[in-house]
>>> print(open('coords_4.txt').read())   # compact mmCIF, C-alpha atoms
# COMPACT_ATOMS: atom_id res chain seq x y z
CA MET A 141 114.69 109.18 79.62
CA PRO A 142 113.45 111.98 81.93
CA ASN A 143 109.90 111.54 83.08
CA GLY A 144 108.82 114.81 81.52
CA ALA A 145 110.22 113.72 78.16
CA LEU A 146 108.39 110.39 78.37
CA ARG A 147 105.10 112.17 79.05
CA ALA A 148 105.63 114.48 76.08
CA GLU A 149 106.48 111.59 73.76
CA LEU A 150 103.46 109.55 74.85
CA LEU A 151 101.11 112.48 74.30
CA GLN A 152 102.65 113.33 70.93
CA ARG A 153 102.38 109.75 69.68
CA GLN A 154 98.78 109.54 70.86
CA GLU A 155 97.89 112.72 68.99
CA ARG A 156 99.54 111.38 65.85
CA ARG A 157 97.99 107.90 66.02
CA GLU A 158 94.53 108.29 67.50
CA SER A 159 91.28 109.71 66.20
CA ALA A 160 90.09 113.29 66.26
CA ALA A 161 87.15 112.07 68.35
CA ARG A 162 89.36 111.79 71.45
CA THR A 163 87.76 113.44 74.47
CA TYR A 164 89.41 113.23 77.88
CA ALA A 165 92.86 112.96 76.29
CA ARG A 166 92.40 116.41 74.77
CA THR A 167 91.46 118.23 77.96
CA LEU A 168 93.46 116.22 80.51
CA PRO A 169 97.02 115.88 79.13
CA VAL A 170 98.08 113.26 81.68
CA ALA A 171 99.87 109.98 80.90
CA PRO A 172 99.07 107.77 83.93
CA VAL A 173 101.64 105.15 84.93
CA HIS A 174 100.51 104.26 88.45
CA ALA A 175 97.29 104.52 90.41
CA ALA A 176 95.94 103.50 93.81
CA GLY A 177 92.64 104.49 95.35
CA ALA A 178 91.97 108.11 94.42
CA VAL A 179 95.60 108.92 93.55
CA VAL A 180 97.04 108.81 90.03
CA THR A 181 100.72 109.27 89.16
CA GLY A 182 101.64 110.54 85.71
CA ALA A 183 104.67 109.69 83.58
CA ASP A 184 106.20 113.01 84.62
CA GLY A 185 106.11 111.94 88.28
CA ARG A 186 103.30 114.31 89.27
CA THR A 187 100.48 112.96 91.44
CA TYR A 188 96.82 113.84 91.07
CA LEU A 189 93.63 113.33 93.03
CA ASP A 190 91.23 111.64 90.64
CA CYS A 191 87.72 113.11 90.80
CA LEU A 192 86.80 111.52 87.47
CA SER A 193 87.44 107.84 88.37
CA GLY A 194 86.74 106.48 84.92
CA ALA A 195 83.61 108.65 84.53
CA GLY A 196 82.25 107.03 87.68
CA THR A 197 83.41 103.50 86.89
CA LEU A 198 85.88 103.02 89.75
CA ALA A 199 83.65 102.83 92.82
CA LEU A 200 86.49 101.32 94.86
CA GLY A 201 89.15 103.49 93.25
CA HIS A 202 92.15 102.39 91.23
CA ASN A 203 93.67 98.95 91.84
CA ASP A 204 91.55 98.03 94.84
CA PRO A 205 93.61 95.30 96.57
CA GLU A 206 90.69 92.89 97.06
CA THR A 207 89.64 93.27 93.44
CA ILE A 208 93.19 92.71 92.18
CA ALA A 209 93.56 89.62 94.38
CA ALA A 210 90.29 88.16 93.11
CA MET A 211 91.28 88.71 89.48
CA GLN A 212 94.75 87.26 90.06
CA ALA A 213 93.18 84.19 91.65
CA VAL A 214 90.90 83.52 88.69
CA LEU A 215 93.78 84.09 86.25
CA ALA A 216 95.86 81.53 88.14
CA SER A 217 92.97 79.04 88.28
CA GLY A 218 92.78 78.40 84.55
CA ALA A 219 89.12 79.42 84.41
CA PRO A 220 87.94 80.46 80.93
CA LEU A 221 88.11 84.22 80.56
CA HIS A 222 85.80 84.43 77.54
CA THR A 223 82.59 82.40 77.49
CA LEU A 224 80.06 84.22 75.28
CA ASP A 225 76.87 83.73 77.34
CA LEU A 226 77.70 80.30 78.78
CA ILE A 227 77.31 79.95 82.53
CA THR A 228 80.38 79.79 84.77
CA PRO A 229 80.68 79.66 88.56
CA GLN A 230 81.96 83.25 88.46
CA LYS A 231 79.00 84.48 86.43
CA ASP A 232 76.57 82.55 88.64
CA ALA A 233 78.01 84.15 91.79
CA PHE A 234 77.89 87.64 90.28
CA SER A 235 74.31 87.18 89.05
CA GLY A 236 73.14 85.98 92.43
CA ALA A 237 74.73 88.91 94.22
CA LEU A 238 73.30 91.45 91.76
CA LEU A 239 69.79 89.99 91.92
CA GLY A 240 69.88 90.31 95.71
CA LEU A 241 70.70 94.02 95.47
CA LEU A 242 68.23 95.16 92.79
CA PRO A 243 65.55 97.71 93.74
CA GLY A 244 61.98 96.90 94.74
CA GLU A 245 60.12 94.16 92.92
CA LEU A 246 63.11 93.44 90.69
CA ARG A 247 65.03 92.01 93.63
CA GLU A 248 65.48 88.26 93.20
CA ASN A 249 62.77 88.21 90.50
CA ALA A 250 64.33 90.03 87.55
CA ARG A 251 65.65 88.55 84.36
CA LEU A 252 69.21 89.57 83.52
CA HIS A 253 70.52 90.09 80.01
CA PHE A 254 74.26 90.54 79.61
CA CYS A 255 75.15 92.89 76.78
CA GLY A 256 78.20 94.10 74.95
CA PRO A 257 80.74 95.63 77.36
CA ALA A 258 79.57 99.26 77.24
CA GLY A 259 76.55 100.94 78.78
CA THR A 260 75.37 102.20 75.40
CA ASP A 261 74.77 98.60 74.27
CA ALA A 262 72.67 97.96 77.38
CA VAL A 263 70.57 101.01 76.50
CA GLU A 264 70.15 99.57 73.00
CA ALA A 265 69.01 96.28 74.51
CA ALA A 266 66.51 98.05 76.78
CA LEU A 267 64.99 99.99 73.88
CA LYS A 268 64.83 96.88 71.73
CA LEU A 269 63.19 94.82 74.49
CA ALA A 270 60.58 97.53 75.22
CA ARG A 271 59.65 97.80 71.56
CA HIS A 272 59.47 94.02 71.15
CA ALA A 273 57.39 93.48 74.30
CA THR A 274 54.89 96.24 73.53
CA GLY A 275 54.77 96.08 69.75
CA ARG A 276 55.18 99.87 69.68
CA ARG A 277 58.09 101.91 68.34
CA GLY A 278 58.03 105.37 69.93
CA VAL A 279 60.17 106.41 72.89
CA VAL A 280 59.86 109.39 75.22
CA ALA A 281 63.20 110.83 76.36
CA PHE A 282 64.27 114.03 78.10
CA THR A 283 66.25 117.16 77.32
CA GLY A 284 69.84 117.05 78.54
CA ALA A 285 69.94 113.25 78.55
CA TYR A 286 73.03 111.17 77.86
CA HIS A 287 72.41 107.49 77.14
CA GLY A 288 75.35 106.53 74.92
CA MET A 289 76.87 106.89 71.47
CA THR A 290 75.38 104.02 69.45
CA LEU A 291 72.46 104.68 67.12
CA GLY A 292 69.44 104.16 69.38
CA ALA A 293 71.16 105.40 72.54
CA ALA A 294 72.32 108.54 70.74
CA ALA A 295 68.84 109.12 69.33
CA VAL A 296 67.33 109.30 72.83
CA SER A 297 70.14 111.54 74.12
CA GLY A 298 69.72 115.30 74.29
CA PRO A 299 72.71 117.01 72.65
CA VAL A 300 72.27 117.61 68.92
CA ARG A 301 75.80 116.34 68.27
CA MET A 302 74.48 112.94 69.37
CA SER A 303 70.76 112.81 68.57
CA GLY A 304 71.23 114.69 65.30
CA ALA A 305 73.92 112.30 64.14
CA ALA A 306 71.56 109.37 64.73
CA GLY A 307 69.08 110.74 62.20
CA PRO A 308 65.32 111.14 62.55
CA ASP A 309 64.52 107.54 61.62
CA ALA A 310 66.78 105.79 64.15
CA VAL A 311 64.17 105.74 66.92
CA PRO A 312 60.95 107.82 66.88
CA VAL A 313 61.63 110.06 69.88
CA THR A 314 59.39 112.55 71.66
CA ARG A 315 61.49 114.75 73.92
CA LEU A 316 60.16 116.31 77.12
CA PRO A 317 61.77 118.93 79.38
CA TYR A 318 63.83 117.50 82.21
CA PRO A 319 63.22 119.27 85.54
CA TYR A 320 66.05 121.81 85.85
CA GLY A 321 65.61 124.33 88.63
CA LEU A 322 68.27 126.87 87.69
CA ARG A 323 67.27 126.97 84.02
CA CYS A 324 63.69 125.76 84.23
CA PRO A 325 62.30 125.19 80.72
CA PHE A 326 58.87 126.27 82.01
CA GLY A 327 60.25 129.45 83.55
CA THR A 328 59.37 128.51 87.13
CA GLY A 329 62.89 128.61 88.55
CA ASP A 330 61.92 125.68 90.76
CA ALA A 331 62.84 122.03 90.13
CA GLU A 332 59.82 120.59 91.97
CA ARG A 333 57.36 122.70 89.99
CA SER A 334 59.26 121.97 86.79
CA GLY A 335 58.90 118.26 87.54
CA GLU A 336 55.16 118.59 88.09
CA LEU A 337 54.74 120.29 84.72
CA SER A 338 57.01 117.82 82.94
CA ALA A 339 54.99 114.88 84.24
CA ARG A 340 51.71 116.63 83.40
CA LEU A 341 52.93 117.16 79.84
CA LEU A 342 53.77 113.45 79.51
CA GLU A 343 50.30 112.45 80.71
CA SER A 344 48.69 114.90 78.32
CA LEU A 345 50.66 113.54 75.37
CA VAL A 346 49.67 109.93 76.03
CA THR A 347 46.01 110.64 76.83
CA ASP A 348 45.13 113.42 74.39
CA PRO A 349 43.96 111.84 71.09
CA GLY A 350 45.02 115.02 69.34
CA SER A 351 48.55 115.18 70.71
CA GLY A 352 50.05 113.57 67.62
CA VAL A 353 52.26 111.37 69.78
CA GLY A 354 50.35 108.23 70.66
CA ARG A 355 51.29 105.70 73.30
CA PRO A 356 55.05 105.05 73.23
CA ALA A 357 56.83 101.78 73.89
CA ALA A 358 58.98 103.28 76.61
CA VAL A 359 60.01 106.27 78.65
CA VAL A 360 63.78 106.38 79.27
CA LEU A 361 65.36 108.63 81.88
CA GLU A 362 68.23 109.23 84.28
CA VAL A 363 67.32 109.93 87.91
CA VAL A 364 70.31 112.28 88.04
CA GLN A 365 71.63 113.49 84.71
CA GLY A 366 75.39 113.12 84.77
CA GLU A 367 76.86 114.29 81.47
CA GLY A 368 73.84 116.60 81.29
CA GLY A 369 75.25 118.66 84.15
CA VAL A 370 74.48 116.80 87.41
CA ILE A 371 70.80 117.71 87.34
CA GLU A 372 68.71 115.87 89.90
CA GLY A 373 65.20 114.79 89.00
CA PRO A 374 62.83 115.45 91.95
CA ASP A 375 61.42 112.40 93.73
CA GLY A 376 57.86 113.56 93.12
CA TRP A 377 58.52 113.85 89.38
CA LEU A 378 59.96 110.33 89.24
CA ARG A 379 56.99 108.90 91.14
CA GLU A 380 54.58 110.63 88.76
CA ILE A 381 56.44 109.27 85.72
CA ARG A 382 56.20 105.81 87.27
CA ARG A 383 52.46 106.22 87.88
CA ILE A 384 51.76 107.42 84.34
CA THR A 385 53.82 104.72 82.65
CA ALA A 386 52.27 101.99 84.78
CA GLU A 387 48.70 103.17 84.15
CA HIS A 388 49.21 103.32 80.38
CA GLY A 389 51.26 100.17 79.84
CA ILE A 390 54.45 102.05 78.96
CA VAL A 391 57.79 100.49 79.82
CA LEU A 392 59.83 102.64 82.21
CA ILE A 393 63.57 102.36 81.52
CA VAL A 394 65.83 103.88 84.18
CA ASP A 395 69.42 104.38 83.06
CA GLU A 396 71.58 103.78 86.14
CA VAL A 397 74.85 103.42 84.21
CA GLN A 398 76.47 106.28 86.14
CA THR A 399 74.20 106.59 89.17
CA GLY A 400 74.13 102.93 90.19
CA VAL A 401 76.13 100.93 92.76
CA GLY A 402 76.16 103.49 95.56
CA ARG A 403 77.14 106.63 93.67
CA THR A 404 74.17 108.79 94.76
CA GLY A 405 73.87 107.64 98.37
CA HIS A 406 71.55 104.72 97.62
CA PHE A 407 72.58 101.53 95.89
CA TRP A 408 70.36 102.63 92.99
CA ALA A 409 69.32 106.25 92.52
CA CYS A 410 65.68 105.30 91.89
CA GLU A 411 65.39 103.80 95.38
CA ARG A 412 65.17 107.14 97.18
CA ALA A 413 61.84 107.89 95.49
CA GLY A 414 60.64 104.33 96.10
CA VAL A 415 60.39 103.71 92.35
CA THR A 416 61.08 100.40 90.62
CA PRO A 417 61.60 100.60 86.85
CA ASP A 418 60.48 97.95 84.40
CA ILE A 419 64.00 97.85 82.98
CA LEU A 420 67.11 98.93 84.86
CA VAL A 421 70.25 99.63 82.83
CA THR A 422 73.62 99.25 84.52
CA SER A 423 77.29 99.35 83.55
CA LYS A 424 80.38 101.30 84.73
CA ALA A 425 80.83 100.51 88.45
CA VAL A 426 78.94 97.22 88.27
CA GLY A 427 81.95 95.61 86.57
CA GLY A 428 84.44 96.66 89.21
CA GLY A 429 86.50 98.62 86.69
CA GLN A 430 86.27 95.93 84.01
CA PRO A 431 83.98 96.20 80.94
CA LEU A 432 80.49 94.93 81.81
CA ALA A 433 76.96 96.05 80.93
CA LEU A 434 73.57 94.47 81.42
CA ILE A 435 69.88 95.09 81.91
CA ALA A 436 67.61 93.76 84.66
CA TYR A 437 63.92 93.65 83.86
CA ARG A 438 60.51 92.34 84.88
CA PRO A 439 60.01 88.69 83.89
CA GLU A 440 56.80 89.54 81.98
CA LEU A 441 58.89 91.46 79.45
CA ASP A 442 61.04 88.45 78.63
CA THR A 443 59.37 87.87 75.27
CA TRP A 444 62.23 88.20 72.82
CA PRO A 445 63.55 85.16 70.95
CA ALA A 446 67.01 83.65 71.26
CA GLY A 447 69.66 85.78 69.57
CA HIS A 448 67.52 88.92 69.47
CA HIS A 449 70.30 90.87 71.20
CA THR A 450 73.77 89.33 71.33
CA GLY A 451 77.40 90.36 71.67
CA THR A 452 80.74 88.58 71.59
CA PHE A 453 82.03 89.96 74.88
CA ARG A 454 79.05 89.20 77.11
CA GLY A 455 80.95 86.57 79.09
CA ASN A 456 83.82 88.56 80.62
CA THR A 457 84.93 86.41 83.55
CA LEU A 458 87.31 89.02 84.97
CA ALA A 459 84.46 91.57 85.00
CA MET A 460 82.18 89.12 86.82
CA VAL A 461 84.85 88.56 89.46
CA ALA A 462 85.71 92.24 89.85
CA GLY A 463 82.04 93.16 89.81
CA LEU A 464 81.23 90.69 92.57
CA VAL A 465 83.92 92.23 94.79
CA THR A 466 82.50 95.70 94.15
CA LEU A 467 78.88 94.71 94.79
CA ARG A 468 79.80 93.10 98.08
CA ALA A 469 82.14 95.89 99.16
CA VAL A 470 79.61 98.66 98.48
CA ALA A 471 76.92 96.75 100.37
CA GLU A 472 78.97 95.42 103.30
CA ARG A 473 81.11 98.52 103.83
CA GLN A 474 78.04 100.79 103.51
CA LEU A 475 79.75 102.85 100.83
CA ALA A 476 76.46 104.26 99.57
CA GLU A 477 75.83 105.76 103.00
CA ARG A 478 79.44 106.95 102.99
CA ALA A 479 78.86 108.64 99.62
CA LEU A 480 75.82 110.42 101.03
CA LYS A 481 77.76 111.89 103.97
CA LEU A 482 80.96 112.70 102.09
CA GLY A 483 79.01 114.21 99.21
CA GLU A 484 77.26 116.58 101.60
CA ARG A 485 80.63 117.51 103.09
CA LEU A 486 81.95 118.40 99.64
CA ARG A 487 78.83 120.34 98.62
CA ARG A 488 78.92 122.27 101.90
CA GLY A 489 82.53 123.21 101.23
CA LEU A 490 81.74 124.21 97.66
CA ARG A 491 78.86 126.40 98.86
CA GLU A 492 81.24 128.11 101.26
CA ILE A 493 83.48 128.87 98.28
CA ALA A 494 80.43 130.05 96.33
CA ALA A 495 79.55 132.54 99.08
CA GLY A 496 82.53 134.62 98.04
CA HIS A 497 82.45 133.76 94.35
CA PRO A 498 79.15 134.38 92.51
CA GLU A 499 80.69 132.63 89.49
CA PHE A 500 79.61 129.47 91.28
CA GLY A 501 76.02 129.85 90.09
CA GLN A 502 74.74 126.65 91.66
CA VAL A 503 76.24 123.78 93.64
CA ARG A 504 74.17 120.62 93.29
CA GLY A 505 74.18 116.85 93.19
CA ARG A 506 73.48 113.74 95.19
CA GLY A 507 75.99 111.57 97.00
CA LEU A 508 79.36 111.62 95.25
CA MET A 509 77.86 112.91 92.01
CA ILE A 510 78.48 116.64 92.32
CA GLY A 511 78.27 119.59 89.95
CA VAL A 512 79.02 123.31 90.08
CA GLU A 513 77.43 125.40 87.34
CA LEU A 514 79.70 128.29 86.38
CA VAL A 515 78.03 131.54 85.36
CA ASP A 516 78.86 135.11 84.44
CA PRO A 517 77.22 137.00 87.34
CA GLY A 518 77.51 140.30 85.49
CA GLY A 519 75.85 139.06 82.33
CA SER A 520 72.28 139.70 81.28
CA PRO A 521 69.88 137.02 82.58
CA GLY A 522 68.29 134.76 79.99
CA PRO A 523 64.58 134.06 79.54
CA ASP A 524 64.75 131.70 82.52
CA GLY A 525 65.99 134.52 84.75
CA ALA A 526 69.35 132.87 85.43
CA PRO A 527 72.70 134.51 84.65
CA PRO A 528 74.39 133.29 81.48
CA SER A 529 76.71 130.32 81.66
CA ASP A 530 80.47 130.88 81.41
CA PRO A 531 82.17 128.16 79.35
CA VAL A 532 85.43 130.15 79.15
CA LEU A 533 85.75 130.21 82.94
CA ALA A 534 84.77 126.54 83.12
CA ARG A 535 87.58 125.50 80.79
CA ALA A 536 90.08 127.72 82.55
CA LEU A 537 89.09 126.36 85.96
CA ARG A 538 89.42 122.76 84.79
CA ALA A 539 92.94 123.51 83.55
CA ALA A 540 93.84 125.36 86.75
CA CYS A 541 92.63 122.41 88.83
CA LEU A 542 94.79 120.04 86.78
CA GLU A 543 97.81 122.30 87.35
CA ARG A 544 97.17 121.89 91.08
CA GLY A 545 96.89 118.11 90.90
CA LEU A 546 93.15 117.63 90.60
CA ILE A 547 91.54 115.65 87.78
CA LEU A 548 87.92 116.53 87.05
CA GLU A 549 85.77 117.15 84.00
CA LEU A 550 83.02 119.39 82.67
CA GLY A 551 79.46 118.62 81.64
CA GLY A 552 76.11 120.24 81.05
CA ARG A 553 75.03 122.72 78.41
CA ASN A 554 78.09 124.26 76.75
CA ASP A 555 80.31 122.31 79.18
CA THR A 556 79.83 124.84 81.97
CA VAL A 557 79.34 122.48 84.91
CA LEU A 558 82.38 121.43 86.92
CA ARG A 559 81.78 117.76 87.72
CA LEU A 560 83.15 115.68 90.59
CA LEU A 561 82.89 111.88 90.43
CA PRO A 562 85.48 110.67 92.95
CA PRO A 563 85.70 107.02 94.00
CA LEU A 564 83.44 106.07 96.88
CA VAL A 565 86.55 105.34 98.96
CA LEU A 566 87.73 108.98 98.93
CA THR A 567 88.87 109.89 102.45
CA ASP A 568 87.78 112.92 104.46
CA GLU A 569 91.31 114.31 104.19
CA GLN A 570 91.31 113.87 100.42
CA ALA A 571 87.90 115.55 100.20
CA ASP A 572 89.30 118.57 102.05
CA THR A 573 92.25 118.62 99.66
CA VAL A 574 89.85 118.59 96.70
CA LEU A 575 88.08 121.65 98.10
CA ASP A 576 91.37 123.42 98.77
CA ARG A 577 92.61 122.82 95.22
CA ILE A 578 89.37 124.05 93.67
CA ALA A 579 89.48 127.18 95.84
CA ARG A 580 93.10 127.88 94.89
CA ALA A 581 92.35 127.24 91.22
CA LEU A 582 89.46 129.69 91.37
CA GLU A 583 91.58 132.31 93.10
CA SER A 584 94.19 131.97 90.36
CA ARG A 585 91.56 132.98 87.80
CA ALA A 586 90.60 136.15 89.70
>>> encode(input="coords_4.txt", output="C-alpha cells")
Amino acid sequence: MPNGALRAELLQRQERRESAARTYARTLPVAPVHAAGAVVTGADGRTYLDCLSGAGTLALGHNDPETIAAMQAVLASGAPLHTLDLITPQKDAFSGALLGLLPGELRENARLHFCGPAGTDAVEAALKLARHATGRRGVVAFTGAYHGMTLGAAAVSGPVRMSGAAGPDAVPVTRLPYPYGLRCPFGTGDAERSGELSARLLESLVTDPGSGVGRPAAVVLEVVQGEGGVIEGPDGWLREIRRITAEHGIVLIVDEVQTGVGRTGHFWACERAGVTPDILVTSKAVGGGQPLALIAYRPELDTWPAGHHTGTFRGNTLAMVAGLVTLRAVAERQLAERALKLGERLRRGLREIAAGHPEFGQVRGRGLMIGVELVDPGGSPGPDGAPPSDPVLARALRAACLERGLILELGGRNDTVLRLLPPLVLTDEQADTVLDRIARALESRA
C-alpha cells in the first residue's frame, strides 16, 4: 500500500471511530510512524520538525536512547509494572531524585503524592489538599489560566468552554486578571504595572471585610501561561502573590505541569523569582514521556486521611524509570540553561521576522516556551490599545508551517498565538530551520 494511501486510511478511520472532542488530530493531519529527537516521520514518508513535543511532555525528544534503554531493562527484569501506591526500587529512586531537585524549602523536605496519570488529576489533588488543610472552600484563580479538564481543574481555568462546563458549584472561584502586557486588563499596556495592580486587587479582596470574597483556601496560578498564550507573569507579581498568601494563611499552588523540568530556563519556573509554593503540581516532562503526575507540598499540609485522593495508575513503573532518566539528564546536561540560550536565539530570530511583518504583534516567552501573537495591524485598536487579534491568519499560518514540515500549535484568546514547545534537545541547526520554515510560511500568506 502506498504511504500516502496508508495515511489517508488511518486518518479516515480515526475520524469515523473517535470522538468529536479530538483536538490536535483535527488541526495536524499527520499519522506518525517513526520519531527520534525532534524529528517525526509520517505514514506518507514526510518528515517534520516537532515544535509541539507532546504539548511539552518530551523534554528529551522522541525515543531518547537512554530512556528507551532504561525502560527495556526494567521490562526484561520482571519488575512489576503496576503497583498502585506500593513502594518499588524504581519509585524510590525517582522520588529521591525529584526531592533533590525541588525548589526552595521544598527540596528534600516535601511530601509527594502520586496521582492519576494526567496533570489535571494532580491539580484536583492540590485543590482538595488545600481545602482540607485550611477548612476553607474558595479558590482564587486567574484569567487565561489552563489547569486541566476535570471538574475542579476546569473550574479554575479561564476559558468559558472549560470553567462554564464545570458549573458554578464545582469550586467557588474568584478570578483575578493575569498580568498581560499587550492586552493589559487594567489598560496600562505594561506587564509589570499590570502585575502590581493584580496583586493589589488580591490583597484588597482578602483584607477588605466588604469585598464579599473572604479568605480563600488557595491561590492557583501558572508562572507562564501556556495554553493561555505564552504569557509570562512578572517576577515582582509572583513575589507579591507569595507575600500575600503567606501573610494570610492562604495556600499557594503553582501549576508547573508545562513549565517544569527545565522548560523555561530554570528547573522550575518559580525559581527565577525566588518563590517557593506551598504545593507544586507537576506532570508532562516529569514522567519522561510516560504518564505520570504528582504534587509536592509542605509537610505541614499533610493532614488528609488515607484514601482521600487515590487512583489506580499511581504506580507506573515505566514512568518512574523514564522520569528518573529525564530528571538526571536535564540536571546533569544543563538542559535548562540550554533552553534559556536556545529560546533567546529563537525569539531573536522571530523578532527579526516581525520587523518586516507587523502581523507578528508580539514575540514573547521564556526558555523554550515561545509564543507569537498574530494581529491585524490595520484593524481598529481595542480598549486596551492593541490591534485586534487575527485568528484567520493564525490558522492559515499553522497549516502553512505544517506544509513545510513544521509541527506547532496555537493558543491564547481565540487561538491567535503561534506556540513553540520544542524538545530541550533541539539543535542550533534545527532551531534555524524552524525559523526559516516559519518565515517561508508567512511569506506564502502574503
>>> residues_near_point(input="coords_4.txt", point="(99.5, 112.5, 72.5)", cutoff="12 Å", atoms="only C-alpha atoms", output="list in words")
Leu146, Arg147, Ala148, Glu149, Leu150, Leu151, Gln152, Arg153, Gln154, Glu155, Arg156, Arg157, Glu158, Ser159, Ala160, Arg162, Thr163, Tyr164, Ala165, Arg166, Thr167, Leu168, Pro169, Val170 and Ala171 of chain A
>>> atom_distance(input="coords_4.txt", atom1="CA of Ala199 in chain A", atom2="CA of Thr399 in chain A")
10.8 Å
>>> residues_around(input="coords_4.txt", residues="Tyr286 in chain A", least_positions_apart="4", cutoff="7 Å", atoms="all atoms listed in the file", output="compact mmCIF listing (two decimals) with C-alpha atoms, in the frame of the given file")
# COMPACT_ATOMS: atom_id res chain seq x y z
CA SER A 297 70.14 111.54 74.12
CA GLY A 298 69.72 115.30 74.29
CA GLU A 367 76.86 114.29 81.47
CA GLY A 368 73.84 116.60 81.29
>>> residues_around(input="coords_4.txt", residues="Met211 in chain A", least_positions_apart="2", cutoff="8 Å", atoms="only C-alpha atoms", output="mmCIF file with C-alpha atoms, in the frame of the given file")
data_model
loop_
_atom_site.group_PDB
_atom_site.id
_atom_site.type_symbol
_atom_site.label_atom_id
_atom_site.label_comp_id
_atom_site.auth_asym_id
_atom_site.auth_seq_id
_atom_site.Cartn_x
_atom_site.Cartn_y
_atom_site.Cartn_z
ATOM 1 C CA THR A 207 89.640 93.270 93.440
ATOM 2 C CA ILE A 208 93.190 92.710 92.180
ATOM 3 C CA ALA A 209 93.560 89.620 94.380
ATOM 4 C CA ALA A 213 93.180 84.190 91.650
ATOM 5 C CA VAL A 214 90.900 83.520 88.690
ATOM 6 C CA LEU A 215 93.780 84.090 86.250
ATOM 7 C CA LEU A 458 87.310 89.020 84.970
ATOM 8 C CA VAL A 461 84.850 88.560 89.460
ATOM 9 C CA ALA A 462 85.710 92.240 89.850
#
>>> closest_residue(input="coords_4.txt", among="A:Leu241, A:Val311, A:Ile381, A:Val565", to="His406 in chain A", atoms="all atoms listed in the file")
A:Leu241
>>> decode(input="coords_4.txt", residues="range 324-338 of chain A", atoms="C-alpha atoms", output="compact mmCIF listing (two decimals), in the first residue's frame")
# COMPACT_ATOMS: atom_id res chain seq x y z
CA CYS A 324 -3.50 44.63 29.88
CA PRO A 325 -6.87 44.20 31.63
CA PHE A 326 -6.14 47.41 33.57
CA GLY A 327 -5.31 49.35 30.42
CA THR A 328 -1.69 50.03 31.37
CA GLY A 329 -0.06 48.30 28.41
CA ASP A 330 2.71 47.19 30.76
CA ALA A 331 3.05 43.72 32.30
CA GLU A 332 4.93 44.90 35.39
CA ARG A 333 2.32 47.52 36.23
CA SER A 334 -0.45 45.06 35.45
CA GLY A 335 1.14 42.64 37.92
CA GLU A 336 1.30 45.28 40.63
CA LEU A 337 -2.40 46.03 40.22
CA SER A 338 -3.35 42.36 40.08
